[in-house]
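S.K.: Below is one structure. I have some questions about it.
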Amino acid sequence: MNRNTTIVLVVLFAALLIYLLAVQLPKDRAAAEATPTVSASASTPLWAVTADQITGVRLVNLALQQSVAFSKDAQGIWSVTEPEAQPADQAQASNAAAQIAGLSVGNTITTATDLASFGVLSPTYSVEVKLADGAQHTALIGSKAPTGRGYYTLRDGAQGEVLVVNASGVDTVLALLASPPYVVPTATPTQGGADFLATLSAIGGGAVGTPPAPTATP
């Protein structure tokens with residue numbers, strides 16, 4: 001091998017080494033940081049709470065600025081406070097608290113550097129929960145996962161991980177935005193209806209629905 005060939009090989013080797021150090025390694029490092037690590041495990045609760053511990057719930061559609069809130073007093077009676085303050089259907093409100101306590105996490109995404117791609121930095125919904133001991137929890141719900149089985153969620157402001165929360169549970173809870181747990185009034189007879197029945201009774205000569213007595217034939 002002559003001297004010129006050796007020089008060329010050394011130059012090429014140096015150029016390759018510079019390329020690896022200056023270009024390829026930073027690319028590989030950036031790709032590794034940008035690729036989120038998905039930790040799949042058995043479903044775990046979004047919050048370690050029970051329905052009995054929940055004393056207040058507030059749901060917000062951040063895109064439409066629409067909210068529903070309901071809370072429980074010291075006697076355990078639920079009342080709707082948003083959008084209008086009205087008595088709550090106790091069974092519906094209790095069921096909603098149970099559904100929120102039952103929200104579950106299927107997957108956890110860690111080392112994600114681009115949270116915007118999950119929709120959690122500009123979330124569509126928020127779920128706020130108050131507990132009997134004064135603690136509060138918040139979930140920011142972003143985009144739906146490509147599988148359709150979960151929503152990307154940030155829990156209590158922690159941006160170190162993105163949770164994939166079961167979609168069916170989230171959809172059930174968010175349905176309250178369109179149908180708050182108000183008490184449905186029971187229909188009662190009106191005074192006008194009672195007067196009408198009385199008039200019919202007078203015309204018929206007796207109780208409504210009772211045929212008149214037959215006339216005696218001589």
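Labeling convention for the structure tokens: chains A, B, ... as they appear, residues from 1 per chain, ligands from 1 in order of appearance.
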Near Ala135 of chain A, counting only C-alpha atoms, which residues have an atom at most 12 Å away, once you skip same-chain residues fewer than 4 positions from it, shown as a list in words?
M.R.: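 My list of contacting residues is Trp47, Ala48, Val49, Gln53, Ile54, Thr55, Gly56, Glu128, Val129, Lys130, Leu131 and Asp156 of chain A.
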S.K.: Using only C-alpha atoms, can you tell me which of A:Gln92, A:Ser67, A:Asn61, A:Gln159 comes closest to Thr110 of chain A?
M.R.: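 Result for the nearest residue to Thr110 of chain A: A:Gln159.
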S.K.: Give me, as a ChimeraX atom specification, all polymer residues having an atom no more than 10 Å from Pro123 of chain A, counting only C-alpha atoms and skipping those fewer than 5 positions away in the same chain.
M.R.: /A:61-63,116,118,139-143,152-154
S.K.: Which distance in Å separates atom CA of Ala88 of chain A and atom CA of Leu46 of chain A, to one decimal?
M.R.: 25.3 Å
S.K.: Run DSSP on the backbone and grab whatever in segment 74-206 of chain A lands in strand (DSSP E or B); send it over as an MDAnalysis selection string.
M.R.: chainID A and resid 78:82 86:88 104:110 125:131 136:144 150:155 161:166 182
S.K.: Store the residues picked out above, limited to C-alpha atoms, as a CSV table (one decimal), in the first residue's frame.
M.R.:
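Output contents, as saved in result_30.csv:
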```
chain,number,residue,atom,x,y,z
A,78,TRP,CA,-76.7,15.7,46.2
A,79,SER,CA,-77.5,19.0,44.5
A,80,VAL,CA,-76.7,20.3,41.0
A,81,THR,CA,-74.9,23.6,41.1
A,82,GLU,CA,-74.1,24.1,37.4
A,86,GLN,CA,-81.5,22.6,41.2
A,87,PRO,CA,-82.1,19.4,43.2
A,88,ALA,CA,-80.3,16.4,41.9
A,104,SER,CA,-59.4,3.1,34.8
A,105,VAL,CA,-56.0,3.5,33.2
A,106,GLY,CA,-55.0,0.9,30.6
A,107,ASN,CA,-51.6,2.2,29.5
A,108,THR,CA,-49.1,4.7,30.6
A,109,ILE,CA,-46.9,6.6,28.2
A,110,THR,CA,-43.6,7.9,29.6
A,125,TYR,CA,-62.5,18.2,28.6
A,126,SER,CA,-61.6,18.4,32.3
A,127,VAL,CA,-62.9,16.3,35.2
A,128,GLU,CA,-62.5,17.9,38.7
A,129,VAL,CA,-63.2,15.9,41.8
A,130,LYS,CA,-63.4,17.0,45.5
A,131,LEU,CA,-63.1,14.5,48.3
A,136,GLN,CA,-58.9,17.7,45.0
A,137,HIS,CA,-58.1,15.9,41.8
A,138,THR,CA,-58.2,17.0,38.1
A,139,ALA,CA,-57.9,15.1,34.9
A,140,LEU,CA,-57.3,16.9,31.6
A,141,ILE,CA,-58.6,14.8,28.7
A,142,GLY,CA,-57.1,15.2,25.3
A,143,SER,CA,-57.3,13.3,22.0
A,144,LYS,CA,-58.7,9.8,21.6
A,150,GLY,CA,-58.9,5.2,25.4
A,151,TYR,CA,-58.4,9.0,25.9
A,152,TYR,CA,-55.0,10.5,26.4
A,153,THR,CA,-55.1,12.1,29.9
A,154,LEU,CA,-52.9,14.2,32.2
A,155,ARG,CA,-53.6,13.4,35.9
A,161,GLU,CA,-46.5,10.7,31.9
A,162,VAL,CA,-49.6,10.5,29.7
A,163,LEU,CA,-52.3,8.1,30.8
A,164,VAL,CA,-54.6,6.2,28.4
A,165,VAL,CA,-57.9,6.1,30.3
A,166,ASN,CA,-60.6,3.6,29.3
A,182,TYR,CA,-81.5,16.9,37.6
```
S.K.: Using Å and a single decimal, report how far atom CA of Gln90 of chain A sits from atom CA of Ala175 of chain A.
M.R.: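 Taking atom CA of Ala175 of chain A and atom CA of Gln90 of chain A, their separation equals 16.9 Å.
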